[in-house]
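target-v8.txt (compact mmCIF, C-alpha atoms) appears below.
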# COMPACT_ATOMS: atom_id res chain seq x y z
CA MET A 1 91.70 87.83 72.07
CA TRP A 2 92.47 88.71 75.66
CA LYS A 3 89.19 90.59 76.11
CA ARG A 4 87.33 87.37 75.31
CA LYS A 5 89.65 85.42 77.62
CA LEU A 6 88.76 87.65 80.56
CA GLY A 7 85.09 87.26 79.68
CA ILE A 8 85.42 83.49 80.01
CA VAL A 9 87.05 83.88 83.43
CA LEU A 10 84.30 86.23 84.55
CA ALA A 11 81.63 83.88 83.27
CA GLY A 12 83.09 81.14 85.45
CA SER A 13 83.07 83.44 88.42
CA MET A 14 79.44 84.32 87.69
CA LEU A 15 78.47 80.67 88.04
CA MET A 16 80.21 80.44 91.42
CA MET A 17 78.71 83.70 92.58
CA GLY A 18 75.21 83.11 91.21
CA ALA A 19 73.54 83.04 94.58
CA LEU A 20 75.23 86.23 95.69
CA ALA A 21 74.49 87.99 92.42
CA GLY A 22 70.88 86.83 92.58
CA CYS A 23 70.27 88.47 95.92
CA SER A 24 72.34 91.54 95.13
CA SER A 25 70.96 94.72 93.71
CA GLY A 26 73.60 96.97 92.26
CA ASN A 27 76.57 97.66 94.51
CA SER A 28 75.67 95.92 97.76
CA SER A 29 79.09 96.50 99.31
CA SER A 30 79.15 100.26 98.82
CA GLY A 31 76.99 100.88 101.85
CA ALA A 32 73.55 102.38 102.31
CA GLU A 33 72.70 105.98 103.02
CA SER A 34 72.04 106.65 106.67
CA GLY A 35 70.80 109.95 107.94
CA GLY A 36 71.79 111.69 104.70
CA GLN A 37 75.32 110.25 104.84
CA THR A 38 76.73 108.16 102.00
CA THR A 39 79.11 105.30 102.74
CA LEU A 40 81.91 104.74 100.25
CA THR A 41 83.77 101.44 100.22
CA VAL A 42 87.44 101.66 99.25
CA TRP A 43 89.55 98.60 98.55
CA GLY A 44 93.27 99.10 99.13
CA MET A 45 96.04 96.60 98.54
CA GLY A 46 99.01 95.45 100.53
CA ALA A 47 100.79 97.30 103.30
CA GLU A 48 99.73 100.76 102.13
CA ALA A 49 96.07 99.86 102.72
CA GLN A 50 96.84 99.73 106.44
CA ALA A 51 97.72 103.43 106.29
CA LEU A 52 94.61 104.45 104.34
CA PRO A 53 92.45 105.31 107.39
CA GLY A 54 94.97 108.02 108.27
CA ILE A 55 94.43 109.80 104.95
CA VAL A 56 90.66 109.17 104.90
CA LYS A 57 89.88 110.99 108.16
CA PRO A 58 90.61 114.53 106.85
CA PHE A 59 88.40 113.80 103.81
CA GLU A 60 85.51 112.79 106.07
CA GLU A 61 85.98 115.98 108.10
CA GLU A 62 85.82 118.06 104.93
CA ASN A 63 82.86 116.03 103.63
CA PRO A 64 80.58 115.20 106.58
CA ASP A 65 78.01 113.76 104.16
CA ILE A 66 80.41 110.92 103.26
CA LYS A 67 81.75 108.07 105.38
CA VAL A 68 84.62 106.01 103.97
CA GLU A 69 85.05 102.34 104.81
CA VAL A 70 88.47 100.91 103.94
CA GLN A 71 88.98 97.22 103.25
CA ALA A 72 92.57 96.00 103.00
CA LEU A 73 93.32 93.18 100.57
CA PRO A 74 96.63 91.32 100.41
CA TRP A 75 98.22 91.60 96.97
CA ASP A 76 98.43 87.82 96.53
CA ASN A 77 94.65 87.32 96.40
CA ALA A 78 93.48 90.80 95.42
CA HIS A 79 93.20 89.93 91.73
CA ASP A 80 90.86 87.00 92.38
CA LYS A 81 88.85 89.13 94.79
CA LEU A 82 88.39 91.74 92.08
CA LEU A 83 87.26 89.11 89.57
CA THR A 84 84.64 87.91 92.03
CA ALA A 85 83.49 91.48 92.62
CA VAL A 86 83.12 92.02 88.88
CA ALA A 87 81.12 88.83 88.44
CA SER A 88 78.73 89.58 91.31
CA LYS A 89 78.52 93.32 90.62
CA SER A 90 78.96 93.84 94.34
CA GLY A 91 82.41 95.40 94.41
CA PRO A 92 83.71 98.56 96.05
CA ASP A 93 83.07 102.13 95.00
CA VAL A 94 86.79 102.94 94.74
CA VAL A 95 89.53 100.41 94.11
CA GLN A 96 93.32 100.55 94.08
CA MET A 97 94.63 99.02 90.88
CA GLY A 98 98.12 97.77 90.24
CA THR A 99 99.12 99.56 87.04
CA SER A 100 99.46 96.31 85.10
CA TRP A 101 95.87 95.34 85.97
CA VAL A 102 94.17 98.41 84.53
CA PRO A 103 93.91 97.18 80.89
CA GLU A 104 92.45 93.84 81.95
CA PHE A 105 89.60 95.32 83.98
CA ALA A 106 89.08 98.31 81.71
CA SER A 107 88.61 95.98 78.74
CA ALA A 108 85.84 94.23 80.64
CA GLY A 109 84.05 97.57 81.00
CA VAL A 110 84.05 97.62 84.79
CA LEU A 111 86.06 100.82 85.38
CA LEU A 112 84.27 104.15 85.05
CA ASP A 113 85.34 106.64 82.39
CA LEU A 114 86.31 109.70 84.45
CA SER A 115 86.09 112.22 81.63
CA LYS A 116 82.65 113.42 82.75
CA TYR A 117 84.21 114.68 85.99
CA ALA A 118 87.13 116.49 84.34
CA GLY A 119 85.42 119.89 84.38
CA GLN A 120 84.09 119.51 87.90
CA TYR A 121 87.37 118.39 89.46
CA PRO A 122 90.52 120.01 88.02
CA GLU A 123 92.53 117.77 90.36
CA LEU A 124 91.83 114.89 87.96
CA ALA A 125 93.39 116.61 84.94
CA GLU A 126 96.02 114.53 83.14
CA GLY A 127 98.50 117.39 83.16
CA ASN A 128 98.82 117.17 86.94
CA PHE A 129 100.66 113.86 86.74
CA PHE A 130 103.80 112.39 85.22
CA ASP A 131 103.24 111.29 81.64
CA GLY A 132 104.28 107.73 82.40
CA ALA A 133 101.82 107.54 85.28
CA VAL A 134 99.02 108.89 83.09
CA SER A 135 99.67 106.18 80.50
CA THR A 136 98.94 103.52 83.14
CA ALA A 137 95.55 105.11 83.89
CA LYS A 138 94.26 105.29 80.31
CA PHE A 139 92.56 102.72 78.15
CA GLU A 140 91.53 103.32 74.54
CA ASP A 141 92.27 107.03 75.06
CA LYS A 142 89.88 107.24 78.01
CA MET A 143 91.01 108.20 81.52
CA ILE A 144 89.57 105.33 83.54
CA ALA A 145 91.76 105.81 86.64
CA VAL A 146 93.95 108.45 88.25
CA PRO A 147 97.60 107.98 89.22
CA TRP A 148 97.95 107.62 92.98
CA TYR A 149 101.61 107.00 93.69
CA THR A 150 104.55 106.25 91.48
CA GLU A 151 108.09 104.92 91.43
CA ALA A 152 110.96 104.33 89.03
CA GLN A 153 113.88 101.90 89.09
CA ILE A 154 117.22 103.51 90.02
CA LEU A 155 120.81 102.40 90.67
CA PHE A 156 121.97 101.79 94.25
CA TYR A 157 125.72 101.57 94.92
CA ARG A 158 128.46 101.63 97.56
CA THR A 159 130.25 104.95 97.10
CA ASP A 160 133.42 103.87 98.92
CA LEU A 161 133.89 100.68 96.91
CA LEU A 162 133.12 102.33 93.58
CA ALA A 163 135.67 105.04 94.40
CA GLU A 164 138.30 102.36 94.94
CA VAL A 165 137.87 101.20 91.33
CA GLY A 166 137.86 104.70 89.88
CA TYR A 167 134.21 105.77 89.99
CA LEU A 168 133.57 108.80 92.19
CA GLU A 169 129.96 108.80 90.97
CA GLY A 170 127.58 106.11 89.81
CA PRO A 171 128.30 104.72 86.30
CA LYS A 172 126.57 106.85 83.68
CA THR A 173 126.69 104.58 80.62
CA TRP A 174 126.31 100.90 79.81
CA GLU A 175 130.03 100.71 79.17
CA GLU A 176 130.87 102.27 82.54
CA LEU A 177 128.45 99.96 84.37
CA SER A 178 130.05 96.89 82.80
CA ASP A 179 133.57 98.19 83.46
CA ALA A 180 132.83 99.04 87.10
CA ALA A 181 131.16 95.68 87.70
CA GLN A 182 134.12 93.75 86.28
CA LYS A 183 136.63 95.76 88.31
CA LEU A 184 134.63 95.17 91.50
CA ALA A 185 134.42 91.44 90.73
CA ALA A 186 138.21 91.36 90.31
CA ARG A 187 138.63 92.10 94.04
CA GLY A 188 138.80 88.38 94.69
CA LYS A 189 136.92 85.10 94.99
CA GLY A 190 133.35 85.46 96.20
CA LYS A 191 133.19 89.11 95.16
CA TYR A 192 130.94 90.44 92.43
CA GLY A 193 130.21 93.79 90.87
CA ILE A 194 126.44 93.94 90.71
CA SER A 195 123.36 91.99 91.75
CA PHE A 196 120.97 91.48 88.83
CA ASN A 197 117.96 89.37 89.73
CA PRO A 198 117.40 87.07 86.71
CA LYS A 199 113.79 86.59 87.82
CA GLU A 200 113.04 90.31 87.60
CA GLN A 201 110.82 90.16 84.53
CA SER A 202 111.06 93.85 83.57
CA LEU A 203 114.88 94.06 83.51
CA SER A 204 115.59 92.92 79.94
CA PHE A 205 112.65 94.90 78.57
CA MET A 206 113.92 98.02 80.33
CA LEU A 207 117.43 97.56 78.91
CA ALA A 208 115.98 96.96 75.46
CA ARG A 209 114.18 100.29 75.60
CA GLN A 210 117.45 101.93 76.66
CA ASN A 211 118.94 100.47 73.48
CA GLY A 212 116.20 102.07 71.39
CA ALA A 213 113.99 99.00 71.06
CA LYS A 214 110.25 99.06 70.59
CA LEU A 215 108.76 96.04 72.30
CA ILE A 216 105.54 95.82 70.28
CA ASP A 217 104.77 97.70 67.07
CA GLU A 218 101.64 99.68 66.18
CA GLN A 219 100.03 96.60 64.64
CA GLY A 220 100.50 94.60 67.83
CA ASN A 221 103.41 92.51 66.58
CA PRO A 222 106.19 91.62 69.07
CA LEU A 223 109.72 92.79 68.28
CA PHE A 224 111.68 90.63 70.69
CA ASN A 225 114.03 89.15 68.06
CA GLN A 226 115.06 92.47 66.53
CA PRO A 227 118.68 93.71 66.84
CA GLU A 228 117.97 96.30 69.55
CA PHE A 229 116.34 93.71 71.82
CA VAL A 230 118.92 91.03 71.05
CA GLU A 231 121.80 93.41 71.88
CA ALA A 232 120.19 94.30 75.21
CA VAL A 233 119.84 90.65 76.21
CA GLU A 234 123.43 89.98 75.14
CA TYR A 235 124.54 92.91 77.30
CA LEU A 236 122.68 91.63 80.35
CA ASN A 237 123.92 88.09 79.78
CA SER A 238 127.51 89.35 79.66
CA PHE A 239 127.39 90.14 83.39
CA PHE A 240 126.52 86.51 84.11
CA GLN A 241 129.13 85.13 81.72
CA ASN A 242 132.08 87.31 82.80
CA GLY A 243 131.48 86.67 86.51
CA SER A 244 130.59 90.21 87.52
CA ASN A 245 127.07 89.03 88.47
CA ALA A 246 126.49 85.83 90.43
CA THR A 247 124.10 83.34 88.89
CA ASP A 248 122.87 82.17 92.27
CA LEU A 249 124.09 84.58 94.96
CA GLY A 250 121.78 83.33 97.69
CA ILE A 251 121.53 86.66 99.53
CA ASP A 252 119.32 89.71 99.08
CA SER A 253 120.40 93.08 97.72
CA ILE A 254 120.97 94.70 101.11
CA GLN A 255 123.11 91.80 102.29
CA GLY A 256 125.18 92.15 99.14
CA LEU A 257 125.65 95.84 99.89
CA LYS A 258 126.75 95.36 103.52
CA GLY A 259 130.15 94.56 104.94
CA GLU A 260 132.82 93.96 102.31
CA GLY A 261 130.22 94.52 99.63
CA ILE A 262 129.84 91.12 97.99
CA ALA A 263 127.69 92.83 95.33
CA PRO A 264 128.03 96.61 95.74
CA MET A 265 125.52 97.66 93.07
CA PHE A 266 121.90 96.77 92.32
CA ILE A 267 118.87 98.22 90.53
CA SER A 268 115.59 98.56 92.41
CA GLY A 269 112.79 100.92 93.42
CA PRO A 270 112.92 103.87 95.85
CA TYR A 271 111.30 101.81 98.63
CA MET A 272 114.78 100.28 99.14
CA ILE A 273 116.07 103.59 100.53
CA LYS A 274 114.17 103.19 103.77
CA GLN A 275 115.06 99.50 103.97
CA ILE A 276 118.78 100.24 103.68
CA GLU A 277 118.53 102.95 106.32
CA GLU A 278 116.74 100.58 108.69
CA GLN A 279 118.62 97.32 107.96
CA ALA A 280 122.11 98.69 107.34
CA PRO A 281 122.54 101.87 109.43
CA GLU A 282 126.27 101.21 109.58
CA LEU A 283 126.46 102.09 105.87
CA LYS A 284 125.39 105.69 106.40
CA GLY A 285 127.54 107.89 104.17
CA LYS A 286 128.81 104.88 102.21
CA TRP A 287 126.01 104.40 99.70
CA ALA A 288 124.07 106.49 97.23
CA VAL A 289 121.53 106.30 94.42
CA ALA A 290 121.91 107.40 90.81
CA GLN A 291 119.89 107.55 87.66
CA LEU A 292 120.21 104.47 85.51
CA PRO A 293 123.20 104.24 83.16
CA ALA A 294 122.30 105.09 79.58
CA LYS A 295 122.79 103.61 76.12
CA GLU A 296 120.56 105.41 73.62
CA ASN A 297 118.63 106.66 76.66
CA ASN A 298 118.26 105.71 80.32
CA THR A 299 114.55 104.82 80.37
CA SER A 300 113.48 103.22 83.64
CA VAL A 301 110.48 101.09 84.54
CA LEU A 302 107.65 103.09 86.05
CA GLY A 303 105.55 101.40 88.71
CA GLY A 304 103.03 102.41 91.34
CA SER A 305 99.26 102.24 91.71
CA ASP A 306 96.16 103.97 90.37
CA LEU A 307 92.72 104.63 91.83
CA ALA A 308 89.57 103.79 89.86
CA ILE A 309 85.81 103.84 90.32
CA PHE A 310 83.88 100.62 89.79
CA GLN A 311 81.25 100.95 87.09
CA PHE A 312 78.79 99.24 89.45
CA SER A 313 79.09 101.88 92.16
CA GLU A 314 75.84 103.56 93.15
CA HIS A 315 77.85 106.51 94.49
CA GLN A 316 79.94 107.55 91.52
CA ASP A 317 79.71 111.29 92.24
CA GLU A 318 80.94 110.85 95.80
CA ALA A 319 83.64 108.47 94.62
CA ALA A 320 84.86 111.08 92.11
CA ARG A 321 85.03 113.62 94.94
CA PHE A 322 87.22 111.18 96.88
CA LEU A 323 89.52 110.65 93.89
CA ALA A 324 89.87 114.43 93.50
CA TYR A 325 90.87 114.70 97.17
CA MET A 326 93.40 111.87 96.83
CA SER A 327 94.91 113.60 93.78
CA LYS A 328 95.68 116.91 95.49
CA PRO A 329 99.39 117.67 95.98
CA GLU A 330 98.97 118.18 99.72
CA THR A 331 97.11 114.87 100.07
CA GLN A 332 99.78 113.01 98.14
CA LEU A 333 102.49 114.55 100.33
CA LYS A 334 100.64 113.39 103.42
CA TRP A 335 100.27 109.96 101.85
CA MET A 336 104.02 109.85 101.27
CA GLU A 337 104.55 110.41 105.00
CA LEU A 338 102.08 107.69 105.95
CA ALA A 339 102.97 105.00 103.41
CA SER A 340 106.54 105.84 102.27
CA VAL A 341 105.50 106.03 98.62
CA LEU A 342 106.15 108.81 96.11
CA PRO A 343 103.61 111.31 94.73
CA ALA A 344 102.35 110.91 91.19
CA ASN A 345 101.31 114.58 91.19
CA LYS A 346 104.12 116.68 89.72
CA LYS A 347 103.32 119.79 91.81
CA ALA A 348 103.79 117.80 95.03
CA TRP A 349 107.45 117.49 94.08
CA GLU A 350 107.84 121.26 94.51
CA ASP A 351 107.64 120.73 98.27
CA PRO A 352 110.90 121.88 99.93
CA GLY A 353 111.25 118.58 101.77
CA LEU A 354 111.41 116.69 98.47
CA GLN A 355 113.53 119.34 96.78
CA GLU A 356 116.19 119.23 99.49
CA ASP A 357 116.49 115.43 99.73
CA ALA A 358 119.38 114.37 97.49
CA ASN A 359 118.03 110.86 96.91
CA LEU A 360 114.52 112.06 96.08
CA LYS A 361 115.91 114.67 93.71
CA ILE A 362 117.58 111.90 91.70
CA ILE A 363 114.38 109.86 91.69
CA ARG A 364 112.42 112.91 90.52
CA GLU A 365 114.79 113.30 87.57
CA GLN A 366 114.50 109.59 86.75
CA LEU A 367 110.70 109.83 86.74
CA ASP A 368 110.96 112.06 83.69
CA HIS A 369 112.62 109.11 81.95
CA ALA A 370 110.40 106.23 83.02
CA GLU A 371 107.71 104.21 81.26
CA PRO A 372 105.46 101.40 82.43
CA MET A 373 105.57 98.03 80.78
CA PRO A 374 103.15 97.73 77.81
CA GLN A 375 99.61 98.25 79.02
CA ILE A 376 98.08 95.08 77.61
CA ALA A 377 96.39 92.28 79.51
CA ALA A 378 98.63 89.65 77.89
CA TRP A 379 101.82 91.24 79.19
CA GLU A 380 102.13 89.14 82.35
CA GLU A 381 101.98 85.91 80.35
CA ILE A 382 104.54 87.22 77.87
CA ALA A 383 106.91 88.35 80.64
CA GLN A 384 106.70 85.01 82.42
CA GLN A 385 107.46 83.19 79.20
CA TYR A 386 110.48 85.44 78.65
CA LEU A 387 111.95 84.47 82.02
CA LYS A 388 112.05 80.86 80.85
CA SER A 389 113.83 81.91 77.67
CA PHE A 390 116.36 84.04 79.51
CA GLU A 391 117.15 81.23 81.94
CA ARG A 392 118.06 79.02 78.98
CA ILE A 393 120.40 81.82 77.86
CA TYR A 394 122.24 82.81 81.05
CA ARG A 395 122.19 79.40 82.72
CA GLY A 396 122.07 76.98 79.81
CA GLY A 397 124.22 78.84 77.32
CA ALA A 398 121.56 78.95 74.60
CA ASP A 399 122.25 81.10 71.56
CA VAL A 400 120.63 84.48 72.17
CA GLN A 401 119.28 85.07 68.67
CA THR A 402 117.91 81.54 68.34
CA GLU A 403 116.24 81.70 71.74
CA LEU A 404 114.70 85.10 71.08
CA ASP A 405 113.41 84.00 67.67
CA ALA A 406 111.51 81.22 69.45
CA PHE A 407 110.33 83.57 72.21
CA ASN A 408 109.07 86.08 69.66
CA GLU A 409 106.95 83.38 68.03
CA GLN A 410 105.53 82.43 71.43
CA ALA A 411 104.75 86.08 72.21
CA ALA A 412 103.00 86.50 68.86
CA SER A 413 100.84 83.48 69.65
CA ILE A 414 99.96 84.85 73.08
CA LEU A 415 98.97 88.20 71.62
CA LYS A 416 96.58 86.52 69.15
CA LYS A 417 94.63 84.67 71.83

What is this structure when it is put down as structure tokens?
Amino acid sequence: MWKRKLGIVLAGSMLMMGALAGCSSGNSSSGAESGGQTTLTVWGMGAEAQALPGIVKPFEEENPDIKVEVQALPWDNAHDKLLTAVASKSGPDVVQMGTSWVPEFASAGVLLDLSKYAGQYPELAEGNFFDGAVSTAKFEDKMIAVPWYTEAQILFYRTDLLAEVGYLEGPKTWEELSDAAQKLAARGKGKYGISFNPKEQSLSFMLARQNGAKLIDEQGNPLFNQPEFVEAVEYLNSFFQNGSNATDLGIDSIQGLKGEGIAPMFISGPYMIKQIEEQAPELKGKWAVAQLPAKENNTSVLGGSDLAIFQFSEHQDEAARFLAYMSKPETQLKWMELASVLPANKKAWEDPGLQEDANLKIIREQLDHAEPMPQIAAWEEIAQQYLKSFERIYRGGADVQTELDAFNEQAASILKK
């Protein structure tokens, strides 16, 4: 079982951190009280952590009894850093968690159940947030984190080039997406219709859900060789086989969008809006975003980050006060300005600035049709294994059903570990 697997990893970390754990008492990194003031340590990840001090200052002004120390961790070593913190019991008070990490650390019992603060802080109520975001913050029906920011995959496209092949709006169905991509690819040699990244591990799973597939049943059995999943993989593979998607394009999505539009459509997150505006200003008025094309539905992949309290924190009450502050609509709007990420709080989306932005309005609608990948610790291993299977399909010409039968067996084995 994956809970036992994490325990083995943590045991190894305990051996390495024995000296530190031996001289540590409780949460040594959370800071000591000084003059009646409590110091909270907050670990943030990636680029957004650099902006955290800007959102922390107003909290400190409202709560002069609390000082917040922010430590920024790069995403590439944050996971190992968290494992070490768990083993030594000397981690932060508050930690940013990638949504896919929550089950792993929750299963180890190191994230605080926030239910005891529900009455004290209405800002933490589940109903404040998008359902998909809430599902990333729960484990065994307990709220062990709060959604911080969120995002959903959407379709980006060149409006002028799509209009030339008969689409005045973004394709709305699977059939229209395939048709538009093939017509765009027919413009000539070196031209394609869409840029699908075959190494994007969530893509096939997202399409499968759009085709009505359940990825894993209630008993924990994988369903990756069932007709709904097989049809989705066949659909994605068709773009590679008919030439409307390049197998090895060698350029990024924005480069494919620019100029003559080598690949005038791609699927990505809302962070690409700012990148297009900055890297391709000459395309102003020539591109747009749209909700994903639908089959049975148009379910997108929901991403983002959550905030959690370490079980080892000696300042859990103060940490809960900080989480409540970070969950307020006005705080999340300010955070959007500072870090260019989208609020997980639904009420924040009532802000006129978000209501009037055409792109954000589309993203808001897509968020109502977005789900995270399955919240199980084994998911990363399963997804990586799938990428190997899909490469044998789109590049090697393997039979889809045969390949997915084998992948399903591998996934079942991974889930039983």

Using only C-alpha atoms, I'd like a table of the residues in segment 73-161 of chain A that come within 6 Å of segment 255-277 of chain A; for each, show the closest atom pair and its distance in Å rounded to one decimal, ordered by chain and ascending number, as a Markdown table.
| residue | atom | partner | partner_atom | distance |
| --- | --- | --- | --- | --- |
| A:Ala152 | CA | A:Gly269 | CA | 5.9 |
| A:Gln153 | CA | A:Gly269 | CA | 4.6 |
| A:Ile154 | CA | A:Ile267 | CA | 5.6 |
| A:Leu155 | CA | A:Ile267 | CA | 4.6 |
| A:Phe156 | CA | A:Phe266 | CA | 5.4 |
| A:Tyr157 | CA | A:Met265 | CA | 4.3 |
| A:Arg158 | CA | A:Pro264 | CA | 5.4 |

Quick one: which segment 246-344 of chain A residues come within 7 Å of segment 51-69 of chain A, and what is the nearest atom pair for each with the distance in Å to one decimal, counting all atoms listed in the file, rows ordered by chain and ascending number, as a tab-separated table?
residue	atom	partner	partner_atom	distance
A:Trp335	CA	A:Ile55	CA	6.6
A:Leu338	CA	A:Ala51	CA	6.1
A:Ala339	CA	A:Ala51	CA	6.2

Fill in: Neighbour list for Val233 of chain A as JSON, numbers by chain, cut-off 7 Å, only C-alpha atoms, skip fewer than 4 positions in-chain
{"A": [204, 229, 237]}

Item to complete: Grab the atom CA of Asp306 of chain A to atom CA of Gly119 of chain A distance for me, in Å with one decimal place.
Response: 20.1 Å

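Minimum atom-to-atom distances from A:Glu371, A:Glu337, A:Glu365, A:Glu234 to Tyr394 of chain A were compared using all atoms listed in the file, and the lowest value belongs to A:Glu234.
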
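Compared by their closest atoms to Asp368 of chain A, and using all atoms listed in the file, the residues A:Val289, A:Thr150, A:Glu403, A:Tyr235 rank with A:Thr150 nearest.
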
Practice prompt. Could you jot down the atom CA of Ala288 of chain A to atom CA of Gly190 of chain A separation for me, Å, one decimal place?
Written response: 23.0 Å

Return segment 252-259 of chain A, completed with all heavy atoms, as a JSON list (two decimals), in the coordinates of the input.
[["chain", "number", "residue", "atom", "x", "y", "z"],
["A", 252, "ASP", "N", 120.08, 88.62, 99.67],
["A", 252, "ASP", "CA", 119.32, 89.71, 99.08],
["A", 252, "ASP", "C", 120.21, 90.91, 98.79],
["A", 252, "ASP", "O", 121.41, 90.92, 99.12],
["A", 252, "ASP", "CB", 118.13, 90.10, 99.97],
["A", 252, "ASP", "CG", 118.54, 90.64, 101.33],
["A", 252, "ASP", "OD1", 119.62, 91.26, 101.45],
["A", 252, "ASP", "OD2", 117.76, 90.47, 102.29],
["A", 253, "SER", "N", 119.63, 91.92, 98.18],
["A", 253, "SER", "CA", 120.40, 93.08, 97.72],
["A", 253, "SER", "C", 121.08, 93.82, 98.87],
["A", 253, "SER", "O", 122.23, 94.28, 98.73],
["A", 253, "SER", "CB", 119.49, 94.03, 96.95],
["A", 253, "SER", "OG", 118.97, 93.41, 95.79],
["A", 254, "ILE", "N", 120.39, 93.96, 99.98],
["A", 254, "ILE", "CA", 120.97, 94.70, 101.11],
["A", 254, "ILE", "C", 122.13, 93.92, 101.71],
["A", 254, "ILE", "O", 123.16, 94.49, 102.07],
["A", 254, "ILE", "CB", 119.90, 95.01, 102.16],
["A", 254, "ILE", "CG1", 118.83, 95.95, 101.56],
["A", 254, "ILE", "CG2", 120.52, 95.66, 103.40],
["A", 254, "ILE", "CD1", 117.72, 96.32, 102.50],
["A", 255, "GLN", "N", 122.00, 92.61, 101.80],
["A", 255, "GLN", "CA", 123.11, 91.80, 102.29],
["A", 255, "GLN", "C", 124.32, 91.91, 101.38],
["A", 255, "GLN", "O", 125.46, 91.94, 101.84],
["A", 255, "GLN", "CB", 122.67, 90.33, 102.41],
["A", 255, "GLN", "CG", 121.67, 90.06, 103.52],
["A", 255, "GLN", "CD", 121.16, 88.63, 103.50],
["A", 255, "GLN", "OE1", 120.73, 88.11, 102.47],
["A", 255, "GLN", "NE2", 121.21, 87.97, 104.64],
["A", 256, "GLY", "N", 124.08, 92.00, 100.09],
["A", 256, "GLY", "CA", 125.18, 92.15, 99.14],
["A", 256, "GLY", "C", 125.86, 93.49, 99.26],
["A", 256, "GLY", "O", 127.04, 93.63, 98.93],
["A", 257, "LEU", "N", 125.11, 94.48, 99.74],
["A", 257, "LEU", "CA", 125.65, 95.84, 99.89],
["A", 257, "LEU", "C", 126.49, 95.98, 101.17],
["A", 257, "LEU", "O", 127.45, 96.76, 101.21],
["A", 257, "LEU", "CB", 124.49, 96.83, 99.92],
["A", 257, "LEU", "CG", 124.73, 98.27, 99.48],
["A", 257, "LEU", "CD1", 125.08, 98.33, 98.01],
["A", 257, "LEU", "CD2", 123.48, 99.11, 99.77],
["A", 258, "LYS", "N", 126.14, 95.21, 102.19],
["A", 258, "LYS", "CA", 126.75, 95.36, 103.52],
["A", 258, "LYS", "C", 128.16, 94.79, 103.58],
["A", 258, "LYS", "O", 128.61, 94.09, 102.69],
["A", 258, "LYS", "CB", 125.87, 94.67, 104.57],
["A", 258, "LYS", "CG", 124.48, 95.29, 104.72],
["A", 258, "LYS", "CD", 123.55, 94.45, 105.57],
["A", 258, "LYS", "CE", 123.91, 94.50, 107.03],
["A", 258, "LYS", "NZ", 122.88, 93.87, 107.88],
["A", 259, "GLY", "N", 128.84, 95.13, 104.66],
["A", 259, "GLY", "CA", 130.15, 94.56, 104.94],
["A", 259, "GLY", "C", 131.17, 94.85, 103.85],
["A", 259, "GLY", "O", 131.37, 96.00, 103.46]]
